[in-house]
Structure formats: structure tokens, C-alpha cells
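> Got a structure for you, coords39.txt, holding compact mmCIF, C-alpha atoms and all ligand atoms.
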# COMPACT_ATOMS: atom_id res chain seq x y z
CA MET A 107 28.49 7.73 1.53
CA SER A 108 30.28 10.98 0.84
CA ARG A 109 31.96 12.96 3.58
CA PHE A 110 29.26 15.61 3.06
CA MET A 111 26.27 13.48 4.12
CA ALA A 112 24.53 14.82 7.23
CA GLU A 113 25.54 12.91 10.34
CA ARG A 114 21.94 12.18 11.33
CA TYR A 115 21.41 10.10 8.15
CA ALA A 116 24.69 8.17 8.39
CA HIS A 117 23.02 5.02 9.74
CA LEU A 118 19.67 5.37 7.98
CA GLU A 119 18.58 2.12 6.35
CA ALA A 120 16.56 2.99 3.24
CA TYR A 121 13.47 1.09 2.09
CA THR A 122 14.13 -1.70 -0.41
CA PRO A 123 11.49 -1.55 -3.17
CA GLY A 124 10.42 -4.73 -4.94
CA GLU A 125 12.45 -5.55 -8.04
CA GLN A 126 11.48 -3.71 -11.25
CA PRO A 127 13.75 -5.58 -13.68
CA THR A 128 14.36 -4.36 -17.22
CA ASP A 129 16.49 -7.30 -18.41
CA MET A 130 13.65 -9.57 -19.54
CA LYS A 131 9.89 -9.94 -19.38
CA TYR A 132 8.73 -11.64 -16.20
CA ILE A 133 5.30 -12.62 -14.98
CA LYS A 134 5.39 -9.91 -12.36
CA LEU A 135 3.74 -10.96 -9.11
CA ASN A 136 6.07 -9.11 -6.74
CA THR A 137 4.82 -5.54 -6.20
CA ASN A 138 1.02 -5.84 -6.05
CA GLU A 139 0.31 -3.92 -9.25
CA SER A 140 -2.95 -4.47 -11.11
CA PRO A 141 -2.90 -6.86 -14.08
CA PHE A 142 -5.59 -4.68 -15.70
CA PRO A 143 -4.94 -1.46 -17.67
CA PRO A 144 -6.31 1.92 -16.58
CA SER A 145 -9.92 2.61 -17.65
CA PRO A 146 -10.76 4.05 -21.12
CA GLY A 147 -11.37 7.54 -19.70
CA VAL A 148 -7.83 7.66 -18.34
CA LEU A 149 -6.38 6.78 -21.75
CA ARG A 150 -8.52 9.51 -23.36
CA ALA A 151 -7.57 12.09 -20.71
CA ILE A 152 -3.86 11.98 -21.62
CA SER A 153 -4.21 13.57 -25.07
CA GLN A 154 -1.46 15.16 -27.18
CA GLU A 155 -2.90 18.52 -26.32
CA ARG A 156 -2.58 17.80 -22.59
CA VAL A 157 1.01 16.67 -23.11
CA ARG A 158 1.71 20.02 -24.80
CA GLU A 159 0.42 21.74 -21.65
CA LEU A 160 3.24 20.19 -19.65
CA ARG A 161 5.08 23.49 -20.15
CA LEU A 162 2.75 24.88 -17.47
CA TYR A 163 2.92 24.10 -13.76
CA SER A 164 0.26 21.81 -12.32
CA ASP A 165 -2.52 23.06 -9.98
CA PRO A 166 -0.98 23.01 -6.47
CA ASP A 167 -4.50 22.97 -4.95
CA CYS A 168 -5.44 19.88 -7.05
CA ASN A 169 -8.96 21.27 -7.08
CA LEU A 170 -10.64 19.01 -9.68
CA LEU A 171 -9.10 15.80 -8.37
CA ARG A 172 -9.88 16.59 -4.71
CA ARG A 173 -13.47 17.46 -5.63
CA ALA A 174 -13.87 14.24 -7.60
CA ILE A 175 -12.53 12.14 -4.70
CA ALA A 176 -14.69 14.01 -2.16
CA LYS A 177 -17.81 13.44 -4.27
CA GLN A 178 -17.08 9.74 -4.82
CA PHE A 179 -16.62 9.00 -1.12
CA GLY A 180 -19.18 11.42 0.34
CA PHE A 181 -16.89 14.11 1.78
CA GLU A 182 -15.97 17.77 1.20
CA LYS A 183 -12.85 18.89 -0.63
CA GLN A 184 -11.47 20.08 2.75
CA ASN A 185 -11.46 16.45 3.93
CA VAL A 186 -9.22 15.34 1.04
CA PHE A 187 -5.45 15.49 0.67
CA VAL A 188 -3.69 14.20 -2.45
CA SER A 189 -0.02 13.60 -3.03
CA ASN A 190 2.63 11.91 -5.13
CA GLY A 191 1.85 8.33 -4.09
CA SER A 192 0.59 7.29 -0.68
CA ASP A 193 4.22 6.83 0.38
CA ASP A 194 4.43 10.61 0.14
CA ILE A 195 1.41 10.94 2.44
CA LEU A 196 2.91 8.50 4.95
CA ASN A 197 6.13 10.51 4.82
CA PHE A 198 4.26 13.79 5.49
CA SER A 199 2.24 12.13 8.25
CA PHE A 200 5.34 10.95 10.09
CA MET A 201 6.70 14.50 9.78
CA ALA A 202 3.49 16.08 10.98
CA PHE A 203 2.05 13.69 13.55
CA CYS A 204 4.90 11.66 15.07
CA ASP A 205 7.09 14.32 16.60
CA GLY A 206 9.66 12.38 18.61
CA THR A 207 9.65 14.82 21.51
CA LYS A 208 5.88 14.72 21.78
CA CYS A 209 4.87 11.09 21.44
CA GLY A 210 6.48 8.56 19.12
CA VAL A 211 4.67 5.97 17.04
CA ALA A 212 3.35 2.41 17.35
CA PHE A 213 2.90 -0.03 14.44
CA PRO A 214 2.91 -3.80 13.92
CA GLU A 215 6.31 -5.50 13.85
CA ILE A 216 5.34 -7.30 10.65
CA SER A 217 3.88 -4.65 8.33
CA TYR A 218 4.75 -2.27 5.52
CA GLY A 219 8.53 -1.76 5.71
CA PHE A 220 8.36 1.96 5.09
CA TYR A 221 6.92 2.74 8.55
CA GLN A 222 10.25 1.89 10.17
CA VAL A 223 12.18 3.89 7.55
CA TYR A 224 10.11 7.05 8.15
CA ALA A 225 10.46 6.62 11.93
CA ASP A 226 14.25 6.41 11.50
CA LEU A 227 14.31 9.32 9.03
CA TYR A 228 12.63 11.65 11.53
CA GLY A 229 14.18 10.19 14.70
CA VAL A 230 10.78 9.08 15.97
CA ASP A 231 10.72 6.51 18.77
CA ALA A 232 8.98 3.46 17.28
CA LYS A 233 7.24 0.78 19.30
CA LYS A 234 6.99 -2.32 17.12
CA ILE A 235 4.20 -4.55 18.34
CA ALA A 236 4.39 -8.30 17.67
CA LEU A 237 1.50 -9.93 15.80
CA ALA A 238 -0.43 -12.78 17.38
CA GLU A 239 0.65 -16.36 16.64
CA ASP A 240 -1.75 -16.50 13.65
CA PHE A 241 -0.31 -13.19 12.24
CA SER A 242 -3.40 -11.20 13.23
CA ILE A 243 -3.27 -7.77 14.90
CA ARG A 244 -4.39 -7.76 18.56
CA ILE A 245 -6.32 -4.52 18.88
CA SER A 246 -5.80 -4.17 22.65
CA ASP A 247 -2.06 -3.71 21.90
CA TYR A 248 -2.87 -0.44 20.10
CA CYS A 249 -5.09 1.13 22.76
CA TYR A 250 -3.78 3.64 25.34
CA ASN A 251 -0.11 3.63 24.23
CA ASP A 252 0.21 7.41 24.26
CA ARG A 253 1.59 7.25 20.72
CA THR A 254 0.54 7.91 17.14
CA VAL A 255 -0.77 4.62 15.70
CA VAL A 256 -0.08 3.45 12.14
CA ILE A 257 -1.81 0.30 10.87
CA ALA A 258 -2.14 -1.08 7.35
CA ASN A 259 -5.63 -2.54 6.98
CA PRO A 260 -5.61 -5.10 5.41
CA ASN A 261 -2.10 -5.59 6.74
CA ALA A 262 0.86 -6.25 4.44
CA PRO A 263 2.42 -8.69 3.77
CA THR A 264 -0.06 -10.90 5.62
CA GLY A 265 -3.28 -9.75 3.89
CA ILE A 266 -5.21 -10.15 7.16
CA ALA A 267 -7.83 -7.46 7.85
CA LEU A 268 -9.39 -5.84 10.91
CA THR A 269 -13.13 -5.16 10.93
CA ARG A 270 -14.43 -1.59 11.00
CA GLU A 271 -15.54 -2.13 14.61
CA GLU A 272 -12.00 -3.15 15.59
CA VAL A 273 -10.52 -0.08 13.90
CA GLU A 274 -13.09 2.08 15.71
CA GLN A 275 -12.01 0.66 19.08
CA ILE A 276 -8.42 1.68 18.37
CA VAL A 277 -9.43 5.16 17.16
CA ALA A 278 -11.71 5.70 20.18
CA ALA A 279 -8.99 4.55 22.60
CA ASN A 280 -6.48 7.13 21.29
CA PRO A 281 -8.41 10.41 21.30
CA ASP A 282 -5.26 12.51 21.77
CA HIS A 283 -3.24 10.87 19.02
CA VAL A 284 -3.61 10.45 15.29
CA VAL A 285 -4.57 6.95 14.18
CA LEU A 286 -3.47 6.46 10.57
CA ILE A 287 -5.15 3.58 8.74
CA ASP A 288 -3.30 2.73 5.53
CA GLU A 289 -6.01 1.27 3.27
CA ALA A 290 -3.82 0.51 0.24
CA TYR A 291 -5.58 -2.86 -0.16
CA VAL A 292 -9.07 -2.19 1.21
CA ASP A 293 -10.83 -2.51 -2.17
CA PHE A 294 -9.99 -6.22 -2.32
CA GLY A 295 -12.31 -7.26 0.47
CA GLY A 296 -11.53 -5.17 3.57
CA GLU A 297 -13.93 -2.93 5.50
CA SER A 298 -13.04 0.74 5.10
CA ALA A 299 -12.84 3.09 8.08
CA LEU A 300 -13.83 6.07 5.89
CA GLU A 301 -17.25 6.58 7.48
CA LEU A 302 -15.58 6.90 10.92
CA VAL A 303 -13.83 10.07 9.70
CA LYS A 304 -17.14 11.91 10.27
CA LYS A 305 -17.13 10.86 13.92
CA TYR A 306 -13.45 11.09 14.95
CA ASP A 307 -11.11 14.04 14.41
CA ASN A 308 -8.01 11.89 15.06
CA LEU A 309 -8.53 9.39 12.21
CA LEU A 310 -6.61 9.69 8.94
CA VAL A 311 -7.44 7.15 6.22
CA VAL A 312 -4.75 6.83 3.52
CA ARG A 313 -5.47 5.30 0.10
CA THR A 314 -3.55 4.79 -3.12
CA PHE A 315 -4.26 4.68 -6.85
CA SER A 316 -1.39 2.18 -7.25
CA LYS A 317 -3.23 -1.06 -6.55
CA SER A 318 -6.98 -1.13 -7.21
CA TYR A 319 -6.87 1.82 -9.67
CA SER A 320 -4.14 0.44 -11.99
CA LEU A 321 -2.03 3.63 -11.73
CA ALA A 322 1.14 2.57 -9.86
CA GLY A 323 3.32 4.32 -12.44
CA ALA A 324 1.38 7.59 -12.20
CA ARG A 325 2.26 7.98 -8.49
CA LEU A 326 -0.92 9.12 -6.78
CA GLY A 327 -2.33 8.68 -3.29
CA PHE A 328 -5.00 10.37 -1.21
CA ALA A 329 -5.96 10.76 2.42
CA ILE A 330 -9.31 11.52 4.01
CA GLY A 331 -9.59 13.05 7.45
CA HIS A 332 -10.77 16.00 9.54
CA PRO A 333 -10.07 19.34 7.77
CA ALA A 334 -7.55 20.27 10.48
CA LEU A 335 -5.47 17.14 9.79
CA ILE A 336 -5.68 17.85 6.05
CA ALA A 337 -4.52 21.43 6.64
CA ASP A 338 -1.49 20.09 8.54
CA LEU A 339 -0.56 17.87 5.59
CA GLU A 340 -1.07 20.79 3.17
CA LYS A 341 1.31 22.86 5.28
CA ILE A 342 4.03 20.21 4.95
CA LYS A 343 3.39 19.86 1.22
CA TYR A 344 3.57 23.64 0.64
CA SER A 345 6.80 23.66 2.67
CA THR A 346 8.47 21.02 0.50
CA ASN A 347 7.07 20.75 -3.05
CA PRO A 348 3.70 22.39 -3.81
CA TYR A 349 3.59 21.03 -7.40
CA ASN A 350 4.28 17.47 -6.39
CA ILE A 351 1.55 15.94 -8.58
CA ASN A 352 2.18 16.42 -12.27
CA ARG A 353 -0.51 17.54 -14.72
CA LEU A 354 -0.94 14.16 -16.41
CA THR A 355 -1.36 12.33 -13.12
CA LEU A 356 -3.99 14.85 -11.97
CA LEU A 357 -5.94 14.15 -15.18
CA ALA A 358 -5.51 10.39 -14.89
CA GLY A 359 -6.63 10.31 -11.25
CA THR A 360 -9.71 12.44 -11.89
CA ALA A 361 -10.73 10.29 -14.87
CA ALA A 362 -10.15 7.09 -12.87
CA ILE A 363 -12.38 8.19 -10.00
CA GLU A 364 -15.12 9.02 -12.50
CA GLU A 365 -15.00 5.41 -13.73
CA ASN A 366 -14.99 3.86 -10.28
CA ASP A 367 -17.23 0.95 -11.35
CA TYR A 368 -14.63 -0.30 -13.85
CA TYR A 369 -12.05 -0.61 -11.06
CA MET A 370 -14.43 -2.24 -8.58
CA GLU A 371 -15.28 -4.84 -11.24
CA ASN A 372 -11.54 -5.53 -11.65
CA CYS A 373 -11.26 -5.95 -7.87
CA ARG A 374 -14.07 -8.52 -8.01
CA ARG A 375 -12.07 -10.49 -10.59
CA ILE A 376 -8.93 -10.28 -8.43
CA ILE A 377 -10.91 -11.68 -5.48
CA GLU A 378 -12.04 -14.60 -7.68
CA ASN A 379 -8.49 -15.28 -8.86
CA ARG A 380 -7.28 -15.06 -5.26
CA ALA A 381 -9.71 -17.80 -4.25
CA TYR A 382 -8.45 -19.93 -7.15
CA LEU A 383 -4.77 -19.46 -6.24
CA THR A 384 -5.41 -20.02 -2.53
CA ASP A 385 -7.17 -23.32 -3.26
CA SER A 386 -4.59 -24.54 -5.75
CA LEU A 387 -1.60 -23.75 -3.49
CA ARG A 388 -3.33 -25.37 -0.51
CA ALA A 389 -3.88 -28.44 -2.68
CA LEU A 390 -0.08 -28.49 -3.20
CA GLY A 391 0.40 -28.51 0.59
CA PHE A 392 0.97 -24.78 1.14
CA GLU A 393 -0.17 -22.87 4.19
CA VAL A 394 -1.91 -19.74 2.85
CA LEU A 395 -2.99 -16.95 5.23
CA PRO A 396 -6.59 -15.72 4.79
CA SER A 397 -6.11 -12.65 2.57
CA CYS A 398 -8.34 -9.61 2.00
CA ALA A 399 -5.74 -8.06 -0.33
CA ASN A 400 -4.54 -8.44 -3.94
CA PHE A 401 -1.81 -10.82 -2.80
CA ILE A 402 -1.47 -13.95 -0.72
CA PHE A 403 1.19 -14.84 1.83
CA ALA A 404 2.11 -18.49 1.60
CA LYS A 405 4.64 -21.06 2.75
CA SER A 406 5.35 -24.69 1.98
CA ASP A 407 6.94 -27.27 4.26
CA GLN A 408 8.52 -28.87 1.18
CA ILE A 409 10.59 -25.86 0.05
CA GLY A 410 12.08 -22.81 1.79
CA GLY A 411 10.81 -19.29 1.04
CA GLU A 412 14.01 -18.09 -0.59
CA GLU A 413 14.52 -21.32 -2.54
CA LEU A 414 11.03 -21.08 -4.03
CA TYR A 415 11.49 -17.38 -4.83
CA LEU A 416 14.75 -18.14 -6.70
CA ALA A 417 13.33 -21.18 -8.50
CA LEU A 418 10.34 -19.13 -9.71
CA LYS A 419 12.59 -16.26 -10.81
CA ALA A 420 14.76 -18.66 -12.82
CA ARG A 421 11.54 -19.69 -14.61
CA GLY A 422 10.45 -16.11 -15.32
CA ILE A 423 8.05 -15.50 -12.42
CA LEU A 424 8.77 -12.82 -9.83
CA VAL A 425 7.28 -13.00 -6.32
CA ARG A 426 8.31 -11.09 -3.18
CA HIS A 427 10.48 -12.73 -0.56
CA PHE A 428 11.37 -11.03 2.74
CA THR A 429 14.42 -12.00 4.78
CA LYS A 430 13.01 -11.08 8.23
CA GLU A 431 13.37 -14.15 10.47
CA LYS A 432 9.68 -14.54 11.37
CA ILE A 433 8.50 -14.52 7.74
CA LYS A 434 11.47 -15.88 5.81
CA ASN A 435 9.70 -19.13 4.94
CA TYR A 436 6.87 -17.24 3.22
CA ASN A 437 6.49 -15.54 -0.13
CA ARG A 438 4.09 -12.75 -0.97
CA ILE A 439 2.45 -13.44 -4.31
CA THR A 440 0.46 -10.77 -6.17
CA ILE A 441 -2.87 -11.88 -7.64
CA GLY A 442 -2.77 -11.48 -11.43
CA THR A 443 -4.94 -12.70 -14.29
CA MET A 444 -6.41 -16.22 -14.18
CA GLU A 445 -3.89 -17.28 -16.83
CA GLU A 446 -1.00 -16.01 -14.69
CA MET A 447 -2.38 -17.84 -11.65
CA GLN A 448 -2.56 -21.07 -13.67
CA ILE A 449 1.00 -20.66 -14.95
CA LEU A 450 2.20 -19.97 -11.41
CA THR A 451 0.42 -23.03 -10.02
CA ASN A 452 1.84 -25.29 -12.73
CA THR A 453 5.33 -23.90 -12.24
CA VAL A 454 5.20 -24.41 -8.47
CA ARG A 455 3.97 -27.97 -9.03
CA ALA A 456 6.90 -28.63 -11.39
CA ILE A 457 9.43 -27.13 -8.94
CA LEU A 458 8.14 -29.31 -6.09
CA ALA A 459 8.14 -32.44 -8.30
CA GLU A 460 11.72 -31.81 -9.45
CA LYS A 461 12.81 -31.30 -5.88
CA SER A 462 11.27 -34.55 -4.65
CA GLU A 463 13.00 -36.49 -7.46
CA ARG A 464 16.41 -35.24 -6.40
C1 LIG B 501 1.80 -0.18 -2.01
C2 LIG B 501 1.63 0.37 -0.62
C3 LIG B 501 1.73 1.72 -0.36
C4 LIG B 501 2.35 2.68 -1.35
O1 LIG B 501 1.61 3.04 -2.34
P1 LIG B 501 2.03 4.20 -3.34
O2 LIG B 501 0.77 4.98 -3.43
O3 LIG B 501 2.39 3.50 -4.60
O4 LIG B 501 3.15 5.01 -2.77
C5 LIG B 501 1.42 2.18 0.90
N1 LIG B 501 1.09 1.33 1.89
C6 LIG B 501 1.04 0.01 1.68
C7 LIG B 501 0.69 -0.88 2.82
C8 LIG B 501 1.32 -0.51 0.43
O5 LIG B 501 1.33 -1.81 0.23
Output the structure of this file as C-alpha cells.


Amino acid sequence: MSRFMAERYAHLEAYTPGEQPTDMKYIKLNTNESPFPPSPGVLRAISQERVRELRLYSDPDCNLLRRAIAKQFGFEKQNVFVSNGSDDILNFSFMAFCDGTKCGVAFPEISYGFYQVYADLYGVDAKKIALAEDFSIRISDYCYNDRTVVIANPNAPTGIALTREEVEQIVAANPDHVVLIDEAYVDFGGESALELVKKYDNLLVVRTFSKSYSLAGARLGFAIGHPALIADLEKIKYSTNPYNINRLTLLAGTAAIEENDYYMENCRRIIENRAYLTDSLRALGFEVLPSCANFIFAKSDQIGGEELYLALKARGILVRHFTKEKIKNYNRITIGTMEEMQILTNTVRAILAEKSER
């Protein structure tokens, strides 16, 4: 840290992203990307001519993309906010809706690591609520806290989902606070809260193109909520970086939404591969949490979480290991192609066999 860094950030602990190594080619099962390429329309949309237009600024209103998203999900453009990845939307939401002097925020103790980072960044008082013994979220813990509520549904890294009815109970029990539901993984088997947006003005549903839409590298997320919430987010965006989605990403996102069926078919394949991997790891003695996401969270009583992570990495397979005490025996494994799931299973089997021979 330089001597110029603002005092209030001196003790800030930044988010640690999953590894994106460039040294060799891994089977990459560590950051929940899609194993499938973007749809044909996306590839066509990024033409040479469009690249030449990069000399011009992008549309700060994101009109075509917001209209396409609104149409796909049955809303108006005024209900839709788009930004440079859903992390950006979470960032803006902490700025806008978690004012430390007004209320503070509540989120699960085991969840997406960025929630804590944003709370620290803005000096927001954060109440971290323990999960139940089985890693599920107890909804009564999120009712009547007098705080903004942030929940990933399905949750990460557990993959466990709340039903729409459970989300509605939380939203209804917090009428004077924003309830932000982060639906990064909802397309892989969760129940979306989107239809509740029409009934509740305090619900903000946040989605991303990074997982189910195969566009992690394009950086694009969207939120759907009451027009007043969307206007608040727009105000923050226009106060920081109005052109924060580049021209190519706007084109890619619009084309992707127009080929929604392609992506939902890919999600169906991921769900199939998830069932295969869950069964094969359980057959090897693993405990695997019931996942509604494009990853599973699993532990073995024959090998520690970190040991398995390192053994897999040495054999060219990356998974995500977290060092937090309560989950350090687990690994989060992204669901890839069937071939990748077979290679992973065989490699785990070999690692366990080698270990028992020693
Ligand atoms: C991946 C992820 C995000 C971030 O997505 P981006 O749109 O790539 O920024 C947000 N929330 C959760 C829970 C995620 O897992």
C-alpha cells in the first residue's frame, strides 16, 4: 500500500477471484463458466464492421438490450437495469440500498464472497446469518431484521435453492427494505422470483450472462425490479461510468437473449451432467449437497478439501477450494461437458486409490 491510499480502505480485504491461469491448459471447473460456446447469433453479431465502430461510444441507455431483456421476461424497459457484470450491479446496490447510517445489510454467512467485500467497501454494518446444519437457508432468519437483505438463490457455493414461496415470505416480511435476490444460477433448476417483481416494489432480482449465457468474458449482468429501484441504479451508474457496457457486449447480449432457447437447452444438458457427476462422486463415498446450480459442493471423508484440490490441479483439473473453516473440507466443482465429468471422476478415483496404497 502506498502512503497515498485513503485511510478508510487501509484494512479493506479485496475479493479473491477464482484462478484464471495462463501457464497451461487445464480442465477448468473452478469458476462456473459454461462449457458451451455463445450461440451462432452472438458470433455473427460481432462483425468486422461492428469492431470498426468501436471508435464511437456505446449507448449509455442500452436501449436495444434493455428492450430485448424486457420482452423476453415479460417486463417494460423501465424495469430493466444492465451493467458491466452482475458484480457491478451488486456493487451499485450496496451503494444505493445499504446506507450504513440508515439500515445495514443481512446475508448468509456462507454465500458469495463479494457481499462482505462490498459491505466493507461502503462501511455497511453486515449481519452474517449462519446456515442451518444441512447448509440450507432458514427463511425466518431473514424476516423483520430491519436491514437490506441479500440472498443468492440458488446459494453459492452450496447450490441449495429456496422455493419462490420462501423468497416471497422474505420479501413480504421486509416491506421497508430492499430484498436483493442474486439469481446467477437460477437457470440450472431454481425457481425464479421474477414474477414477484410485479407485486413487490422492494424486490430486486439480479441475473448474469456469465453462467447460463456463456458470456463470462463479455461482462454483462442485468437486474429487474420496480422502475423506482431501477432509476436509483441508473443514478449511480450515471454518477460513475455511463458507458460501462462496451458496444460489442451490448450486441452480444442482445443476440444471446434472442436465442434464449439455445441457452436453455445447454442448461438442460448441464443438469444431466450434474446428475451424472453427483451419482459418480457419491459412489466414490463423497457427500454431495443437493445442487440446483451449475456446480456441486462435495466432500470426501477419505481426503481433505485442500489435498484433493491440489492433487487435481497437479493432474490438470482446476476446482474451487475455500479456506473458511466451516467449508474447508469441501470443493466446489463446476459442471462441464460429459467428457470432462468422466475425466474428473476417473482422476478422483485414481487419487483416492493412490492414497489408500500409501
Ligand atoms: C458468478 C456470480 C456473480 C457474478 O457474475 P458476473 O456477472 O460475472 O459479475 C454474482 N453472483 C453470484 C452468486 C455468482 O456466483

> Could you list, with a cut-off of 12 Å and counting all atoms listed in the file, the residues of stretch 127-212 of chain A near stretch 437-458 of chain A, each shown with its nearest atom pair and the distance in Å rounded to one decimal, rows sorted by chain and ascending number, as a tab-separated table?


residue	atom	partner	partner_atom	distance
A:Tyr132	CA	A:Glu446	CA	10.8
A:Ile133	CA	A:Glu446	CA	7.2
A:Lys134	CA	A:Thr440	CA	8.0
A:Leu135	CA	A:Thr440	CA	4.4
A:Asn136	CA	A:Thr440	CA	5.9
A:Thr137	CA	A:Thr440	CA	6.8
A:Asn138	CA	A:Thr440	CA	5.0
A:Glu139	CA	A:Thr440	CA	7.5
A:Ser140	CA	A:Gly442	CA	7.0
A:Pro141	CA	A:Gly442	CA	5.3
A:Phe142	CA	A:Thr443	CA	8.2
A:Pro143	CA	A:Thr443	CA	11.7

> Select the residues contacting ligand LIG 501 (chain B) at a distance of at most 6 Å, based on only C-alpha atoms and all ligand atoms, then format the selection as a list in words.

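Here is the list of contacting residues: Gly191, Ser192, Asp193, Tyr218, Ala258, Ala262, Asp288, Ala290, Thr314, Ser316, Ala322, Arg325, Leu326 and Gly327 of chain A.
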
> Take the residues from that selection and put them in a file with C-alpha atoms, as a PDB file, keeping the file's coordinate frame.


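Heads up, here's the output in again13.pdb:
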ATOM      1  CA  GLY A 191       1.850   8.330  -4.090  1.00  0.00           C
ATOM      2  CA  SER A 192       0.590   7.290  -0.680  1.00  0.00           C
ATOM      3  CA  ASP A 193       4.220   6.830   0.380  1.00  0.00           C
ATOM      4  CA  TYR A 218       4.750  -2.270   5.520  1.00  0.00           C
ATOM      5  CA  ALA A 258      -2.140  -1.080   7.350  1.00  0.00           C
ATOM      6  CA  ALA A 262       0.860  -6.250   4.440  1.00  0.00           C
ATOM      7  CA  ASP A 288      -3.300   2.730   5.530  1.00  0.00           C
ATOM      8  CA  ALA A 290      -3.820   0.510   0.240  1.00  0.00           C
ATOM      9  CA  THR A 314      -3.550   4.790  -3.120  1.00  0.00           C
ATOM     10  CA  SER A 316      -1.390   2.180  -7.250  1.00  0.00           C
ATOM     11  CA  ALA A 322       1.140   2.570  -9.860  1.00  0.00           C
ATOM     12  CA  ARG A 325       2.260   7.980  -8.490  1.00  0.00           C
ATOM     13  CA  LEU A 326      -0.920   9.120  -6.780  1.00  0.00           C
ATOM     14  CA  GLY A 327      -2.330   8.680  -3.290  1.00  0.00           C
TER      15      GLY A 327
END

> Fewer than 4 positions away in the same chain doesn't count, so skip those; otherwise give me all residues within 10 Å of A:Leu414, counting all atoms listed in the file, as a list of chain:residue names.

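My list of contacting residues is A:Lys405, A:Ser406, A:Gln408, A:Ile409, A:Gly410, A:Leu418, A:Lys419, A:Ala420, A:Val425, A:His427, A:Asn435, A:Tyr436, A:Asn437, A:Val454, A:Ile457, A:Leu458.
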
> Give me the residues near stretch 247-252 of chain A as a compact mmCIF listing (two decimals) with C-alpha atoms, keeping the file's coordinate frame, where near means some atom within 7 Å (using only C-alpha atoms) and where sequence neighbours in that chain fewer than 2 positions away do not count.


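For reference, around.txt as written:
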# COMPACT_ATOMS: atom_id res chain seq x y z
CA CYS A 209 4.87 11.09 21.44
CA ARG A 244 -4.39 -7.76 18.56
CA ILE A 245 -6.32 -4.52 18.88
CA ILE A 276 -8.42 1.68 18.37
CA ALA A 279 -8.99 4.55 22.60
CA ASN A 280 -6.48 7.13 21.29

> Which distance in Å separates atom CA of A:Tyr115 and atom CA of A:Asp226, to one decimal?

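That distance, rounded to one decimal, is 8.7 Å.
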